[in-house]
file query18.pdb (PDB, C-alpha atoms, pLDDT in the B column)
ATOM      1  CA  MET A  29     159.803 144.935 183.687  1.00 50.00           C
ATOM      2  CA  LEU A  30     160.289 145.891 187.330  1.00 49.00           C
ATOM      3  CA  THR A  31     163.518 147.608 186.338  1.00 53.00           C
ATOM      4  CA  ARG A  32     161.666 150.027 184.074  1.00 54.00           C
ATOM      5  CA  THR A  33     158.930 150.543 186.657  1.00 49.00           C
ATOM      6  CA  VAL A  34     161.365 151.421 189.438  1.00 50.00           C
ATOM      7  CA  LEU A  35     163.346 153.736 187.141  1.00 51.00           C
ATOM      8  CA  SER A  36     160.124 155.564 186.301  1.00 51.00           C
ATOM      9  CA  ILE A  37     159.277 155.879 189.991  1.00 49.00           C
ATOM     10  CA  ILE A  38     162.731 157.251 190.803  1.00 50.00           C
ATOM     11  CA  CYS A  39     162.281 159.945 188.145  1.00 51.00           C
ATOM     12  CA  LEU A  40     158.879 160.883 189.538  1.00 51.00           C
ATOM     13  CA  LEU A  41     159.703 160.754 193.253  1.00 50.00           C
ATOM     14  CA  PRO A  42     159.152 164.453 194.051  1.00 50.00           C
ATOM     15  CA  ALA A  43     155.628 164.347 192.608  1.00 47.00           C
ATOM     16  CA  LEU A  44     154.829 160.904 193.969  1.00 48.00           C
ATOM     17  CA  ALA A  45     155.869 161.797 197.496  1.00 48.00           C
ATOM     18  CA  ILE A  46     152.465 163.367 198.061  1.00 48.00           C
ATOM     19  CA  ALA A  47     150.511 161.574 195.328  1.00 44.00           C
ATOM     20  CA  HIS A  48     148.833 159.035 197.576  1.00 51.00           C
ATOM     21  CA  ASN A  49     147.751 161.419 200.315  1.00 61.00           C
ATOM     22  CA  ILE A  50     144.018 161.907 200.787  1.00 66.00           C
ATOM     23  CA  ALA A  51     143.438 165.301 199.189  1.00 61.00           C
ATOM     24  CA  GLY A  52     141.081 167.345 197.052  1.00 64.00           C
ATOM     25  CA  GLY A  53     137.485 166.196 196.914  1.00 68.00           C
ATOM     26  CA  ASP A  54     138.269 163.057 198.915  1.00 70.00           C
ATOM     27  CA  ALA A  55     139.696 165.119 201.769  1.00 70.00           C
ATOM     28  CA  SER A  56     136.717 167.469 201.701  1.00 72.00           C
ATOM     29  CA  PHE A  57     134.311 164.554 201.915  1.00 76.00           C
ATOM     30  CA  VAL A  58     136.130 162.917 204.826  1.00 73.00           C
ATOM     31  CA  ALA A  59     136.449 166.196 206.720  1.00 71.00           C
ATOM     32  CA  SER A  60     132.766 167.072 206.307  1.00 73.00           C
ATOM     33  CA  ASN A  61     131.346 163.584 206.757  1.00 74.00           C
ATOM     34  CA  ALA A  62     129.380 162.864 209.934  1.00 76.00           C
ATOM     35  CA  GLY A  63     128.159 159.334 210.574  1.00 79.00           C
ATOM     36  CA  ALA A  64     128.904 155.923 209.137  1.00 83.00           C
ATOM     37  CA  ALA A  65     129.640 155.876 205.409  1.00 83.00           C
ATOM     38  CA  PRO A  66     131.046 152.396 204.669  1.00 86.00           C
ATOM     39  CA  GLY A  67     130.796 152.593 200.870  1.00 87.00           C
ATOM     40  CA  PRO A  68     132.772 155.809 200.375  1.00 86.00           C
ATOM     41  CA  PHE A  69     135.373 154.790 202.956  1.00 89.00           C
ATOM     42  CA  ILE A  70     135.895 151.410 201.277  1.00 92.00           C
ATOM     43  CA  TYR A  71     136.480 153.291 198.020  1.00 90.00           C
ATOM     44  CA  LEU A  72     138.903 155.708 199.701  1.00 88.00           C
ATOM     45  CA  GLY A  73     140.850 152.850 201.284  1.00 88.00           C
ATOM     46  CA  ALA A  74     141.184 150.997 197.986  1.00 89.00           C
ATOM     47  CA  LYS A  75     142.209 154.169 196.157  1.00 87.00           C
ATOM     48  CA  HIS A  76     144.752 155.033 198.834  1.00 84.00           C
ATOM     49  CA  MET A  77     146.424 151.619 198.568  1.00 86.00           C
ATOM     50  CA  VAL A  78     146.392 151.422 194.768  1.00 84.00           C
ATOM     51  CA  THR A  79     148.065 154.850 194.586  1.00 82.00           C
ATOM     52  CA  GLY A  80     150.331 154.124 197.573  1.00 82.00           C
ATOM     53  CA  TYR A  81     153.569 153.618 195.658  1.00 83.00           C
ATOM     54  CA  ASP A  82     155.649 153.104 198.838  1.00 86.00           C
ATOM     55  CA  HIS A  83     153.336 150.378 200.144  1.00 87.00           C
ATOM     56  CA  LEU A  84     153.308 148.704 196.739  1.00 89.00           C
ATOM     57  CA  LEU A  85     157.094 148.874 196.339  1.00 92.00           C
ATOM     58  CA  PHE A  86     157.456 147.084 199.668  1.00 92.00           C
ATOM     59  CA  LEU A  87     154.926 144.419 198.693  1.00 91.00           C
ATOM     60  CA  ALA A  88     156.629 143.985 195.305  1.00 92.00           C
ATOM     61  CA  GLY A  89     159.859 143.315 197.176  1.00 93.00           C
ATOM     62  CA  VAL A  90     158.088 140.852 199.485  1.00 93.00           C
ATOM     63  CA  ILE A  91     156.723 138.717 196.645  1.00 92.00           C
ATOM     64  CA  PHE A  92     159.647 139.216 194.253  1.00 92.00           C
ATOM     65  CA  PHE A  93     160.919 135.649 194.613  1.00 90.00           C
ATOM     66  CA  LEU A  94     157.652 134.013 195.718  1.00 89.00           C
ATOM     67  CA  SER A  95     156.275 131.702 193.048  1.00 84.00           C
ATOM     68  CA  ARG A  96     153.568 129.938 195.074  1.00 86.00           C
ATOM     69  CA  ALA A  97     150.246 131.620 195.766  1.00 85.00           C
ATOM     70  CA  LEU A  98     150.181 130.144 199.295  1.00 89.00           C
ATOM     71  CA  ASP A  99     153.485 131.829 200.141  1.00 90.00           C
ATOM     72  CA  VAL A 100     152.175 135.147 198.830  1.00 90.00           C
ATOM     73  CA  ILE A 101     149.032 134.768 200.950  1.00 90.00           C
ATOM     74  CA  LYS A 102     151.105 133.961 204.048  1.00 92.00           C
ATOM     75  CA  TYR A 103     153.298 137.049 203.827  1.00 92.00           C
ATOM     76  CA  VAL A 104     150.536 139.375 202.712  1.00 90.00           C
ATOM     77  CA  THR A 105     148.393 138.193 205.638  1.00 93.00           C
ATOM     78  CA  LEU A 106     151.199 139.079 208.061  1.00 93.00           C
ATOM     79  CA  PHE A 107     151.522 142.502 206.453  1.00 93.00           C
ATOM     80  CA  ALA A 108     147.751 143.061 206.487  1.00 92.00           C
ATOM     81  CA  ALA A 109     147.481 142.044 210.148  1.00 94.00           C
ATOM     82  CA  GLY A 110     150.226 144.519 211.053  1.00 93.00           C
ATOM     83  CA  HIS A 111     148.824 147.525 209.240  1.00 91.00           C
ATOM     84  CA  SER A 112     145.236 146.770 210.308  1.00 92.00           C
ATOM     85  CA  ILE A 113     146.229 146.813 213.984  1.00 94.00           C
ATOM     86  CA  THR A 114     148.037 150.136 213.921  1.00 94.00           C
ATOM     87  CA  LEU A 115     145.595 151.805 211.526  1.00 92.00           C
ATOM     88  CA  ILE A 116     142.674 151.255 213.903  1.00 91.00           C
ATOM     89  CA  ILE A 117     144.606 151.720 217.165  1.00 93.00           C
ATOM     90  CA  GLY A 118     146.401 154.788 215.814  1.00 91.00           C
ATOM     91  CA  VAL A 119     143.197 156.618 214.907  1.00 89.00           C
ATOM     92  CA  LEU A 120     140.971 155.449 217.782  1.00 90.00           C
ATOM     93  CA  GLY A 121     143.754 156.016 220.329  1.00 88.00           C
ATOM     94  CA  ASP A 122     144.708 159.323 218.723  1.00 85.00           C
ATOM     95  CA  ILE A 123     148.347 158.222 218.627  1.00 86.00           C
ATOM     96  CA  ALA A 124     150.038 161.085 216.851  1.00 82.00           C
ATOM     97  CA  ILE A 125     153.300 160.198 215.111  1.00 85.00           C
ATOM     98  CA  ASN A 126     155.048 162.582 212.743  1.00 88.00           C
ATOM     99  CA  ALA A 127     153.882 161.681 209.236  1.00 87.00           C
ATOM    100  CA  TYR A 128     157.304 162.413 207.682  1.00 91.00           C
ATOM    101  CA  PHE A 129     159.003 160.088 210.172  1.00 92.00           C
ATOM    102  CA  ILE A 130     156.527 157.291 209.505  1.00 92.00           C
ATOM    103  CA  ASP A 131     156.864 157.691 205.746  1.00 92.00           C
ATOM    104  CA  ALA A 132     160.653 157.559 206.131  1.00 93.00           C
ATOM    105  CA  ILE A 133     160.311 154.252 208.014  1.00 93.00           C
ATOM    106  CA  ILE A 134     158.011 152.951 205.280  1.00 93.00           C
ATOM    107  CA  ALA A 135     160.667 153.913 202.720  1.00 93.00           C
ATOM    108  CA  LEU A 136     163.244 152.113 204.865  1.00 94.00           C
ATOM    109  CA  SER A 137     161.096 148.980 204.673  1.00 94.00           C
ATOM    110  CA  VAL A 138     161.535 149.080 200.892  1.00 95.00           C
ATOM    111  CA  VAL A 139     165.312 149.322 201.359  1.00 95.00           C
ATOM    112  CA  TYR A 140     165.286 146.409 203.817  1.00 94.00           C
ATOM    113  CA  LYS A 141     163.317 144.109 201.506  1.00 94.00           C
ATOM    114  CA  ALA A 142     165.491 144.929 198.518  1.00 95.00           C
ATOM    115  CA  LEU A 143     168.645 144.199 200.538  1.00 94.00           C
ATOM    116  CA  GLU A 144     167.193 140.922 201.733  1.00 94.00           C
ATOM    117  CA  ASN A 145     166.352 139.943 198.154  1.00 93.00           C
ATOM    118  CA  MET A 146     169.945 140.739 197.192  1.00 92.00           C
ATOM    119  CA  GLY A 147     171.243 138.362 199.886  1.00 88.00           C
ATOM    120  CA  ALA A 148     172.768 141.119 202.008  1.00 86.00           C
ATOM    121  CA  PHE A 149     171.841 139.438 205.295  1.00 85.00           C
ATOM    122  CA  GLN A 150     173.101 135.940 204.499  1.00 80.00           C
ATOM    123  CA  ALA A 151     176.473 136.659 206.107  1.00 77.00           C
ATOM    124  CA  LEU A 152     174.712 137.183 209.460  1.00 78.00           C
ATOM    125  CA  GLY A 153     173.919 133.487 209.659  1.00 76.00           C
ATOM    126  CA  ARG A 154     171.415 132.647 212.377  1.00 78.00           C
ATOM    127  CA  TRP A 155     171.374 136.326 213.396  1.00 81.00           C
ATOM    128  CA  LYS A 156     169.822 137.440 210.132  1.00 83.00           C
ATOM    129  CA  PRO A 157     166.331 138.984 210.459  1.00 86.00           C
ATOM    130  CA  ASP A 158     163.340 136.665 210.285  1.00 89.00           C
ATOM    131  CA  THR A 159     161.479 137.552 207.096  1.00 89.00           C
ATOM    132  CA  ARG A 160     158.032 136.842 208.535  1.00 91.00           C
ATOM    133  CA  ALA A 161     158.648 138.941 211.641  1.00 93.00           C
ATOM    134  CA  ALA A 162     160.090 141.776 209.540  1.00 93.00           C
ATOM    135  CA  VAL A 163     157.057 141.843 207.228  1.00 93.00           C
ATOM    136  CA  PHE A 164     154.725 141.979 210.236  1.00 95.00           C
ATOM    137  CA  VAL A 165     156.723 144.702 212.022  1.00 94.00           C
ATOM    138  CA  PHE A 166     156.964 146.844 208.914  1.00 93.00           C
ATOM    139  CA  GLY A 167     153.243 146.248 208.448  1.00 92.00           C
ATOM    140  CA  LEU A 168     152.744 147.965 211.814  1.00 94.00           C
ATOM    141  CA  PHE A 169     154.618 151.035 210.554  1.00 93.00           C
ATOM    142  CA  HIS A 170     152.675 151.027 207.285  1.00 91.00           C
ATOM    143  CA  GLY A 171     149.481 151.035 209.370  1.00 90.00           C
ATOM    144  CA  PHE A 172     150.633 154.101 211.263  1.00 91.00           C
ATOM    145  CA  GLY A 173     151.253 155.726 207.890  1.00 87.00           C
ATOM    146  CA  LEU A 174     147.653 155.046 206.899  1.00 85.00           C
ATOM    147  CA  ALA A 175     146.473 156.318 210.290  1.00 88.00           C
ATOM    148  CA  SER A 176     148.437 159.570 209.947  1.00 86.00           C
ATOM    149  CA  SER A 177     146.764 160.255 206.592  1.00 81.00           C
ATOM    150  CA  LEU A 178     143.341 159.956 208.223  1.00 82.00           C
ATOM    151  CA  GLN A 179     144.276 161.843 211.386  1.00 82.00           C
ATOM    152  CA  GLU A 180     145.224 164.904 209.353  1.00 79.00           C
ATOM    153  CA  LEU A 181     141.570 165.156 208.265  1.00 76.00           C
ATOM    154  CA  GLN A 182     140.064 165.351 211.770  1.00 75.00           C
ATOM    155  CA  LEU A 183     137.523 162.530 211.398  1.00 79.00           C
ATOM    156  CA  ALA A 184     134.132 163.024 213.032  1.00 79.00           C
ATOM    157  CA  PRO A 185     133.535 160.726 216.034  1.00 82.00           C
ATOM    158  CA  GLU A 186     130.099 159.680 214.718  1.00 85.00           C
ATOM    159  CA  GLY A 187     130.452 156.356 212.952  1.00 84.00           C
ATOM    160  CA  LEU A 188     134.229 156.469 213.354  1.00 87.00           C
ATOM    161  CA  LEU A 189     134.759 152.748 214.023  1.00 90.00           C
ATOM    162  CA  VAL A 190     132.570 151.714 211.082  1.00 90.00           C
ATOM    163  CA  ASN A 191     134.384 154.142 208.803  1.00 88.00           C
ATOM    164  CA  LEU A 192     137.799 152.936 209.975  1.00 90.00           C
ATOM    165  CA  ILE A 193     136.914 149.292 209.417  1.00 92.00           C
ATOM    166  CA  SER A 194     135.485 150.197 206.007  1.00 92.00           C
ATOM    167  CA  PHE A 195     138.623 152.144 205.087  1.00 91.00           C
ATOM    168  CA  ASN A 196     140.785 149.206 206.148  1.00 92.00           C
ATOM    169  CA  LEU A 197     138.608 146.821 204.120  1.00 93.00           C
ATOM    170  CA  GLY A 198     139.119 149.079 201.126  1.00 92.00           C
ATOM    171  CA  VAL A 199     142.861 149.015 201.736  1.00 91.00           C
ATOM    172  CA  GLU A 200     142.766 145.210 201.658  1.00 92.00           C
ATOM    173  CA  ILE A 201     140.731 145.214 198.442  1.00 93.00           C
ATOM    174  CA  GLY A 202     143.126 147.651 196.795  1.00 91.00           C
ATOM    175  CA  GLN A 203     146.054 145.610 198.054  1.00 90.00           C
ATOM    176  CA  MET A 204     144.647 142.387 196.577  1.00 90.00           C
ATOM    177  CA  ILE A 205     143.996 144.036 193.214  1.00 90.00           C
ATOM    178  CA  ALA A 206     147.496 145.522 193.039  1.00 90.00           C
ATOM    179  CA  LEU A 207     149.177 142.351 194.269  1.00 90.00           C
ATOM    180  CA  PHE A 208     147.334 140.199 191.751  1.00 89.00           C
ATOM    181  CA  MET A 209     148.636 142.384 188.935  1.00 90.00           C
ATOM    182  CA  ILE A 210     152.179 142.429 190.348  1.00 91.00           C
ATOM    183  CA  PHE A 211     152.149 138.661 190.889  1.00 90.00           C
ATOM    184  CA  ILE A 212     151.012 138.039 187.296  1.00 91.00           C
ATOM    185  CA  VAL A 213     153.796 140.286 185.955  1.00 90.00           C
ATOM    186  CA  PHE A 214     156.412 138.481 188.059  1.00 91.00           C
ATOM    187  CA  MET A 215     155.044 135.063 187.084  1.00 89.00           C
ATOM    188  CA  LEU A 216     155.317 135.910 183.389  1.00 90.00           C
ATOM    189  CA  TRP A 217     158.748 137.480 183.876  1.00 89.00           C
ATOM    190  CA  ARG A 218     160.080 134.368 185.630  1.00 87.00           C
ATOM    191  CA  GLN A 219     159.478 132.387 182.447  1.00 87.00           C
ATOM    192  CA  HIS A 220     162.195 134.372 180.691  1.00 86.00           C
ATOM    193  CA  PRO A 221     165.963 134.099 181.270  1.00 85.00           C
ATOM    194  CA  SER A 222     166.071 137.859 181.865  1.00 84.00           C
ATOM    195  CA  PHE A 223     164.504 137.393 185.302  1.00 88.00           C
ATOM    196  CA  GLN A 224     167.588 135.792 186.828  1.00 84.00           C
ATOM    197  CA  ARG A 225     169.911 138.162 184.981  1.00 85.00           C
ATOM    198  CA  GLN A 226     168.078 141.281 186.095  1.00 89.00           C
ATOM    199  CA  ALA A 227     166.894 140.241 189.581  1.00 90.00           C
ATOM    200  CA  PHE A 228     169.884 141.790 191.363  1.00 92.00           C
ATOM    201  CA  LEU A 229     169.731 144.986 189.298  1.00 92.00           C
ATOM    202  CA  SER A 230     165.978 145.282 189.847  1.00 92.00           C
ATOM    203  CA  ASN A 231     166.392 145.026 193.600  1.00 94.00           C
ATOM    204  CA  THR A 232     169.262 147.511 193.481  1.00 94.00           C
ATOM    205  CA  LEU A 233     166.899 149.972 191.832  1.00 94.00           C
ATOM    206  CA  LEU A 234     164.225 149.090 194.382  1.00 94.00           C
ATOM    207  CA  MET A 235     166.707 149.847 197.169  1.00 95.00           C
ATOM    208  CA  THR A 236     167.665 153.126 195.484  1.00 94.00           C
ATOM    209  CA  ALA A 237     164.022 154.167 195.271  1.00 93.00           C
ATOM    210  CA  GLY A 238     163.611 153.368 198.964  1.00 94.00           C
ATOM    211  CA  PHE A 239     166.652 155.429 199.951  1.00 95.00           C
ATOM    212  CA  LEU A 240     165.532 158.394 197.844  1.00 94.00           C
ATOM    213  CA  LEU A 241     162.061 158.285 199.357  1.00 92.00           C
ATOM    214  CA  MET A 242     163.535 158.069 202.850  1.00 93.00           C
ATOM    215  CA  PHE A 243     165.894 161.031 202.325  1.00 93.00           C
ATOM    216  CA  TYR A 244     163.067 163.025 200.745  1.00 92.00           C
ATOM    217  CA  GLN A 245     160.792 162.468 203.762  1.00 92.00           C
ATOM    218  CA  LEU A 246     163.568 163.244 206.257  1.00 93.00           C
ATOM    219  CA  ALA A 247     164.432 166.448 204.379  1.00 92.00           C
ATOM    220  CA  ALA A 248     160.761 167.455 204.287  1.00 89.00           C
ATOM    221  CA  TRP A 249     160.558 166.776 208.034  1.00 89.00           C
ATOM    222  CA  GLN A 250     163.452 169.134 208.703  1.00 88.00           C
ATOM    223  CA  LEU A 251     162.029 171.823 206.443  1.00 89.00           C
ATOM    224  CA  ALA A 252     158.633 171.568 208.117  1.00 82.00           C
ATOM    225  CA  ALA A 253     160.284 171.943 211.524  1.00 72.00           C
TER     226      ALA A 253
END

call {"tool": "encode", "arguments": {"input": "query18.pdb", "output": "structure tokens"}}
result
Amino acid sequence: MLTRTVLSIICLLPALAIAHNIAGGDASFVASNAGAAPGPFIYLGAKHMVTGYDHLLFLAGVIFFLSRALDVIKYVTLFAAGHSITLIIGVLGDIAINAYFIDAIIALSVVYKALENMGAFQALGRWKPDTRAAVFVFGLFHGFGLASSLQELQLAPEGLLVNLISFNLGVEIGQMIALFMIFIVFMLWRQHPSFQRQAFLSNTLLMTAGFLLMFYQLAAWQLAA
């Protein structure tokens, strides 16, 4: 299941690389909006997360081997705390970080999680990265990615905090919807022998998708420069 999904994403990477940016009518609304608009910003946040393939690939890697809902909640809470902090601080503090660089780091987070799922860090013993800390730290980078998408639109200062909180709430709603679907798919897949047989291959494809996304963003960064 995940194997086919990741293969499809790899084939569509050039188009998907800009698919989850705020554009078109959404961008026009955000750019022209003045004042608090919690409803529309909640919608935009949810839409941004549901179409945020790089965020979702990372979260799929995080919950790949998690079978208990409490474990999923624990890791997703760490991720949400990380991206909430940097989303709000990044926009309110006008912390400008190159969007291509941030997206490359987000792609690297997908690579990291796939490698961890494949047991690549076991040989490091007690020096191997702490999974909880890594999820939180990468959450911080994902938050800066969300912030960079909003900063490109030059948000009006009127109602900015309310709109940011609303956008972040929408991100959480979109994240919960997507994660619920991913968790159900994994739960059903684990009931079949193919899960154990294809787990390594699936994470190899996940890692490949992460590397391709990272190289794409780095190349786009150089071309833009």

call {"tool": "resolve_selection", "arguments": {"input": "query18.pdb", "expression": "the PyMOL selection byres ((chain A and resi 134-140) around 7)", "output": "list in words"}}
result
Asp82, Leu85, Phe86, Ile130, Asp131, Ala132, Ile133, Lys141, Ala142, Leu143, Glu144, Phe166, Phe169, His170, Met235, Gly238, Phe239, Leu241 and Met242 of chain A

call {"tool": "resolve_selection", "arguments": {"input": "query18.pdb", "expression": "the PyMOL selection byres ((chain A and resi 92-108) around 8)", "output": "MDAnalysis selection string"}}
result
chainID A and resid 87:91 109:112 145 160 163:168 200 214:215

call {"tool": "closest_residue", "arguments": {"input": "query18.pdb", "among": "A:Leu240, A:Ala124, A:Leu246, A:Leu251", "to": "Gln182 of chain A", "atoms": "all atoms listed in the file"}}
result
A:Ala124

call {"tool": "closest_residue", "arguments": {"input": "query18.pdb", "among": "A:Pro66, A:Asp54, A:Pro157, A:Val78", "to": "Ile201 of chain A", "atoms": "all atoms listed in the file"}}
result
A:Val78

call {"tool": "atom_distance", "arguments": {"input": "query18.pdb", "atom1": "atom CA of Ser194 of chain A", "atom2": "atom CA of Phe208 of chain A"}}
result
21.1 Å

call {"tool": "atom_distance", "arguments": {"input": "query18.pdb", "atom1": "atom CA of Gln219 of chain A", "atom2": "atom CA of Leu207 of chain A"}}
result
18.6 Å

call {"tool": "residues_around", "arguments": {"input": "query18.pdb", "residues": "Ala74 of chain A", "least_positions_apart": "4", "cutoff": "12 Å", "atoms": "only C-alpha atoms", "output": "ChimeraX atom specification"}}
result
/A:48,50,67-70,78-80,174,194-206

call {"tool": "write_last_selection", "arguments": {"input": "query18.pdb", "atoms": "C-alpha atoms", "output": "PDB file, in the frame of the given file"}}
result
ATOM      1  CA  HIS A  48     148.833 159.035 197.576  1.00 51.00           C
ATOM      2  CA  ILE A  50     144.018 161.907 200.787  1.00 66.00           C
ATOM      3  CA  GLY A  67     130.796 152.593 200.870  1.00 87.00           C
ATOM      4  CA  PRO A  68     132.772 155.809 200.375  1.00 86.00           C
ATOM      5  CA  PHE A  69     135.373 154.790 202.956  1.00 89.00           C
ATOM      6  CA  ILE A  70     135.895 151.410 201.277  1.00 92.00           C
ATOM      7  CA  VAL A  78     146.392 151.422 194.768  1.00 84.00           C
ATOM      8  CA  THR A  79     148.065 154.850 194.586  1.00 82.00           C
ATOM      9  CA  GLY A  80     150.331 154.124 197.573  1.00 82.00           C
ATOM     10  CA  LEU A 174     147.653 155.046 206.899  1.00 85.00           C
ATOM     11  CA  SER A 194     135.485 150.197 206.007  1.00 92.00           C
ATOM     12  CA  PHE A 195     138.623 152.144 205.087  1.00 91.00           C
ATOM     13  CA  ASN A 196     140.785 149.206 206.148  1.00 92.00           C
ATOM     14  CA  LEU A 197     138.608 146.821 204.120  1.00 93.00           C
ATOM     15  CA  GLY A 198     139.119 149.079 201.126  1.00 92.00           C
ATOM     16  CA  VAL A 199     142.861 149.015 201.736  1.00 91.00           C
ATOM     17  CA  GLU A 200     142.766 145.210 201.658  1.00 92.00           C
ATOM     18  CA  ILE A 201     140.731 145.214 198.442  1.00 93.00           C
ATOM     19  CA  GLY A 202     143.126 147.651 196.795  1.00 91.00           C
ATOM     20  CA  GLN A 203     146.054 145.610 198.054  1.00 90.00           C
ATOM     21  CA  MET A 204     144.647 142.387 196.577  1.00 90.00           C
ATOM     22  CA  ILE A 205     143.996 144.036 193.214  1.00 90.00           C
ATOM     23  CA  ALA A 206     147.496 145.522 193.039  1.00 90.00           C
TER      24      ALA A 206
END

call {"tool": "residues_near_point", "arguments": {"input": "query18.pdb", "point": "(135.2, 158.2, 215.1)", "cutoff": "12 Å", "atoms": "all atoms listed in the file", "output": "ChimeraX atom specification"}}
result
/A:58-59,61-65,116-122,178-179,181-193
